[in-house]
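Peer 1: PDB, C-alpha atoms, pLDDT in the B column, saved as work.pdb, coming up:
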MODEL        1
ATOM      1  CA  MET A  63      70.378  66.354 146.500  1.00 44.00           C
ATOM      2  CA  SER A  64      67.430  65.184 144.450  1.00 49.00           C
ATOM      3  CA  GLY A  65      66.577  65.473 140.798  1.00 54.00           C
ATOM      4  CA  ASN A  66      68.695  65.347 137.692  1.00 58.00           C
ATOM      5  CA  SER A  67      71.694  67.530 137.006  1.00 57.00           C
ATOM      6  CA  TYR A  68      72.718  68.495 133.505  1.00 55.00           C
ATOM      7  CA  TYR A  69      76.044  70.149 132.835  1.00 53.00           C
ATOM      8  CA  TYR A  70      77.172  71.647 129.565  1.00 54.00           C
ATOM      9  CA  GLY A  71      80.797  72.598 129.319  1.00 58.00           C
ATOM     10  CA  ASP A  72      82.995  72.751 132.372  1.00 62.00           C
ATOM     11  CA  ASN A  73      81.697  71.944 135.822  1.00 62.00           C
ATOM     12  CA  VAL A  74      83.810  72.656 138.883  1.00 66.00           C
ATOM     13  CA  ASN A  75      82.791  71.716 142.405  1.00 65.00           C
ATOM     14  CA  MET A  76      84.968  73.044 145.197  1.00 67.00           C
ATOM     15  CA  HIS A  77      84.351  71.959 148.757  1.00 67.00           C
ATOM     16  CA  GLY A  78      86.372  73.057 151.757  1.00 68.00           C
ATOM     17  CA  THR A  79      88.891  75.101 149.808  1.00 67.00           C
ATOM     18  CA  HIS A  80      90.599  78.278 150.888  1.00 66.00           C
ATOM     19  CA  ASN A  81      92.169  81.005 148.741  1.00 62.00           C
ATOM     20  CA  SER A  82      91.003  79.411 145.493  1.00 63.00           C
ATOM     21  CA  THR A  83      91.640  81.825 142.676  1.00 60.00           C
ATOM     22  CA  GLY A  84      90.083  80.178 139.659  1.00 60.00           C
ATOM     23  CA  MET A  85      90.530  77.528 137.069  1.00 61.00           C
ATOM     24  CA  VAL A  86      93.407  77.115 134.619  1.00 55.00           C
ATOM     25  CA  LYS A  87      92.168  76.154 131.180  1.00 57.00           C
ATOM     26  CA  ASN A  88      94.722  74.900 128.712  1.00 48.00           C
ATOM     27  CA  GLN A  89      92.467  74.854 125.694  1.00 49.00           C
ATOM     28  CA  THR A  90      91.165  77.265 123.109  1.00 46.00           C
ATOM     29  CA  GLY A  91      87.596  78.416 123.022  1.00 46.00           C
ATOM     30  CA  GLY A  92      86.894  76.950 119.592  1.00 46.00           C
ATOM     31  CA  GLY A  93      85.175  80.060 118.276  1.00 44.00           C
ATOM     32  CA  ALA A  94      84.515  81.744 121.587  1.00 48.00           C
ATOM     33  CA  GLU A  95      84.533  85.494 121.524  1.00 59.00           C
ATOM     34  CA  GLN A  96      87.914  86.764 122.686  1.00 74.00           C
ATOM     35  CA  LEU A  97      87.258  89.058 125.602  1.00 83.00           C
ATOM     36  CA  PRO A  98      89.696  91.855 126.363  1.00 87.00           C
ATOM     37  CA  PRO A  99      92.104  91.068 129.223  1.00 90.00           C
ATOM     38  CA  ALA A 100      90.479  93.702 131.460  1.00 92.00           C
ATOM     39  CA  VAL A 101      87.083  92.005 131.066  1.00 91.00           C
ATOM     40  CA  VAL A 102      88.578  88.575 131.745  1.00 91.00           C
ATOM     41  CA  ALA A 103      90.197  89.955 134.907  1.00 92.00           C
ATOM     42  CA  ALA A 104      86.938  91.604 136.006  1.00 94.00           C
ATOM     43  CA  ILE A 105      85.009  88.363 135.454  1.00 94.00           C
ATOM     44  CA  GLY A 106      87.661  86.470 137.416  1.00 92.00           C
ATOM     45  CA  GLU A 107      87.295  88.871 140.335  1.00 94.00           C
ATOM     46  CA  LEU A 108      83.515  88.603 140.064  1.00 95.00           C
ATOM     47  CA  HIS A 109      83.806  84.805 140.326  1.00 92.00           C
ATOM     48  CA  ARG A 110      85.858  85.199 143.510  1.00 93.00           C
ATOM     49  CA  MET A 111      83.259  87.544 144.980  1.00 95.00           C
ATOM     50  CA  ILE A 112      80.410  85.226 143.983  1.00 94.00           C
ATOM     51  CA  GLU A 113      82.094  82.296 145.717  1.00 91.00           C
ATOM     52  CA  GLU A 114      82.316  84.339 148.918  1.00 91.00           C
ATOM     53  CA  LEU A 115      78.671  85.359 148.573  1.00 91.00           C
ATOM     54  CA  ARG A 116      77.526  81.769 147.979  1.00 88.00           C
ATOM     55  CA  THR A 117      78.568  80.865 151.530  1.00 86.00           C
ATOM     56  CA  ARG A 118      75.721  83.121 152.714  1.00 86.00           C
ATOM     57  CA  LEU A 119      73.089  81.639 150.405  1.00 88.00           C
ATOM     58  CA  ASP A 120      70.952  78.555 150.490  1.00 84.00           C
ATOM     59  CA  GLY A 121      67.978  77.118 148.655  1.00 89.00           C
ATOM     60  CA  PRO A 122      66.699  78.766 145.488  1.00 92.00           C
ATOM     61  CA  ASP A 123      69.101  81.722 145.602  1.00 92.00           C
ATOM     62  CA  ALA A 124      72.122  79.432 145.752  1.00 91.00           C
ATOM     63  CA  GLN A 125      70.690  77.384 142.879  1.00 92.00           C
ATOM     64  CA  LEU A 126      70.169  80.491 140.722  1.00 93.00           C
ATOM     65  CA  ILE A 127      73.776  81.527 141.265  1.00 93.00           C
ATOM     66  CA  THR A 128      75.056  78.010 140.539  1.00 92.00           C
ATOM     67  CA  GLU A 129      73.053  77.834 137.313  1.00 93.00           C
ATOM     68  CA  SER A 130      74.419  81.221 136.213  1.00 94.00           C
ATOM     69  CA  LEU A 131      78.109  80.425 136.670  1.00 93.00           C
ATOM     70  CA  PRO A 132      78.725  78.489 133.406  1.00 93.00           C
ATOM     71  CA  ALA A 133      77.623  81.536 131.376  1.00 93.00           C
ATOM     72  CA  LEU A 134      80.131  83.646 133.316  1.00 92.00           C
ATOM     73  CA  ASP A 135      83.141  81.611 132.216  1.00 89.00           C
ATOM     74  CA  ALA A 136      85.262  84.117 130.290  1.00 84.00           C
ATOM     75  CA  GLY A 137      86.655  81.335 128.080  1.00 82.00           C
ATOM     76  CA  ALA A 138      83.325  79.701 127.242  1.00 83.00           C
ATOM     77  CA  ASP A 139      81.566  80.090 123.917  1.00 84.00           C
ATOM     78  CA  VAL A 140      78.529  81.837 125.395  1.00 88.00           C
ATOM     79  CA  PRO A 141      76.116  84.039 123.468  1.00 90.00           C
ATOM     80  CA  ALA A 142      76.212  87.638 124.695  1.00 89.00           C
ATOM     81  CA  GLN A 143      72.523  87.559 125.677  1.00 92.00           C
ATOM     82  CA  GLU A 144      73.029  84.436 127.807  1.00 94.00           C
ATOM     83  CA  ARG A 145      76.023  86.024 129.546  1.00 93.00           C
ATOM     84  CA  ARG A 146      74.015  89.182 130.208  1.00 94.00           C
ATOM     85  CA  ARG A 147      71.099  87.135 131.567  1.00 95.00           C
ATOM     86  CA  ALA A 148      73.474  85.353 133.968  1.00 96.00           C
ATOM     87  CA  LEU A 149      74.976  88.668 135.083  1.00 96.00           C
ATOM     88  CA  MET A 150      71.524  90.124 135.709  1.00 96.00           C
ATOM     89  CA  THR A 151      70.525  87.033 137.706  1.00 96.00           C
ATOM     90  CA  VAL A 152      73.596  87.353 139.917  1.00 96.00           C
ATOM     91  CA  ALA A 153      72.947  91.078 140.365  1.00 96.00           C
ATOM     92  CA  GLY A 154      69.325  90.391 141.291  1.00 95.00           C
ATOM     93  CA  VAL A 155      70.201  87.824 143.936  1.00 95.00           C
ATOM     94  CA  ALA A 156      72.985  90.030 145.307  1.00 95.00           C
ATOM     95  CA  GLY A 157      70.598  92.981 145.415  1.00 93.00           C
ATOM     96  CA  THR A 158      68.225  91.121 147.713  1.00 92.00           C
ATOM     97  CA  LEU A 159      70.989  90.765 150.301  1.00 91.00           C
ATOM     98  CA  GLY A 160      71.388  94.478 150.943  1.00 92.00           C
ATOM     99  CA  ALA A 161      74.820  95.676 152.045  1.00 94.00           C
ATOM    100  CA  VAL A 162      76.256  92.143 151.973  1.00 93.00           C
ATOM    101  CA  GLY A 163      75.463  91.742 148.278  1.00 94.00           C
ATOM    102  CA  GLN A 164      76.203  95.304 147.210  1.00 96.00           C
ATOM    103  CA  PRO A 165      79.861  94.712 146.220  1.00 96.00           C
ATOM    104  CA  VAL A 166      78.826  91.822 143.961  1.00 96.00           C
ATOM    105  CA  ALA A 167      76.027  93.867 142.401  1.00 96.00           C
ATOM    106  CA  GLU A 168      78.479  96.705 141.722  1.00 96.00           C
ATOM    107  CA  ALA A 169      81.025  94.283 140.212  1.00 96.00           C
ATOM    108  CA  VAL A 170      78.309  92.911 137.919  1.00 96.00           C
ATOM    109  CA  GLN A 171      77.445  96.422 136.765  1.00 96.00           C
ATOM    110  CA  ALA A 172      81.123  97.088 136.046  1.00 95.00           C
ATOM    111  CA  VAL A 173      81.383  93.924 133.931  1.00 95.00           C
ATOM    112  CA  ILE A 174      78.184  94.794 132.046  1.00 94.00           C
ATOM    113  CA  GLY A 175      79.593  98.257 131.365  1.00 94.00           C
ATOM    114  CA  MET A 176      82.853  96.771 130.068  1.00 92.00           C
ATOM    115  CA  LEU A 177      81.014  94.326 127.798  1.00 89.00           C
ATOM    116  CA  ALA A 178      78.795  97.105 126.424  1.00 87.00           C
ATOM    117  CA  GLY A 179      81.669  99.476 125.778  1.00 75.00           C
TER
ENDMDL
END
Kindly return the structure encoded in the file as structure tokens.

Peer 2:
Amino acid sequence: MSGNSYYYGDNVNMHGTHNSTGMVKNQTGGGAEQLPPAVVAAIGELHRMIEELRTRLDGPDAQLITESLPALDAGADVPAQERRRALMTVAGVAGTLGAVGQPVAEAVQAVIGMLAG
């Protein structure tokens, strides 16, 4: 891997794992917007689906997804516009994959609907 990497907030790298379900965070958000439990659950499921999808990606598409993940942390203090931008990026990449990406694109739309409502 070449170039510089900059991480803000949590960074999790998982290699060779199976049945990973997420990350336990034993800290408060320090002013982060409290999302309803249903939205947190939907984002958690979206993360699981994204991880499965990432195994089919490489190059720029994989990088776009990786760069979007920090904004999709339900516990992070992320501006709503940044979270929406990350969701739209994931939906766009998933949409280019046809039937393989369709479940992820639909999950993104569900999360956007929950955040809007």

Peer 1: Using Å and a single decimal, report how far CA of Ala172 (chain A) sits from CA of Gly121 (chain A).

Peer 2: 27.0 Å

Peer 1: Counting all atoms listed in the file, what is within 9 Å of Asp135 (chain A), bar same-chain residues fewer than 2 positions away, as a list in words?

Peer 2: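 Close residues of Asp135 (chain A): Asp72, Val102, Ile105, Gly106, His109, Leu131, Pro132, Ala133, Gly137, Ala138, Asp139, Val140 and Arg145 of chain A.
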
Peer 1: Mind giving me the straight-line distance from CA of Ala161 (chain A) to CA of Arg118 (chain A) in Å, one decimal?

Peer 2: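 Computed distance, CA of Ala161 (chain A) to CA of Arg118 (chain A), equals 12.6 Å.
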
Peer 1: So what do you get for CA of Met150 (chain A) versus CA of Leu134 (chain A), distance-wise?

Peer 2: 11.0 Å

Peer 1: Select, from A:Gly179, A:Val173, A:Gly163, A:Val155, the residue with the minimum atom-to-atom distance to Pro122 (chain A), counting all atoms listed in the file.

Peer 2: A:Val155

Peer 1: Translate the PyMOL selection byres ((chain A and resi 104) around 12) into a concrete residue list for this structure, as a ChimeraX atom specification.

Peer 2: /A:97-103,105-111,134-136,166,168-177
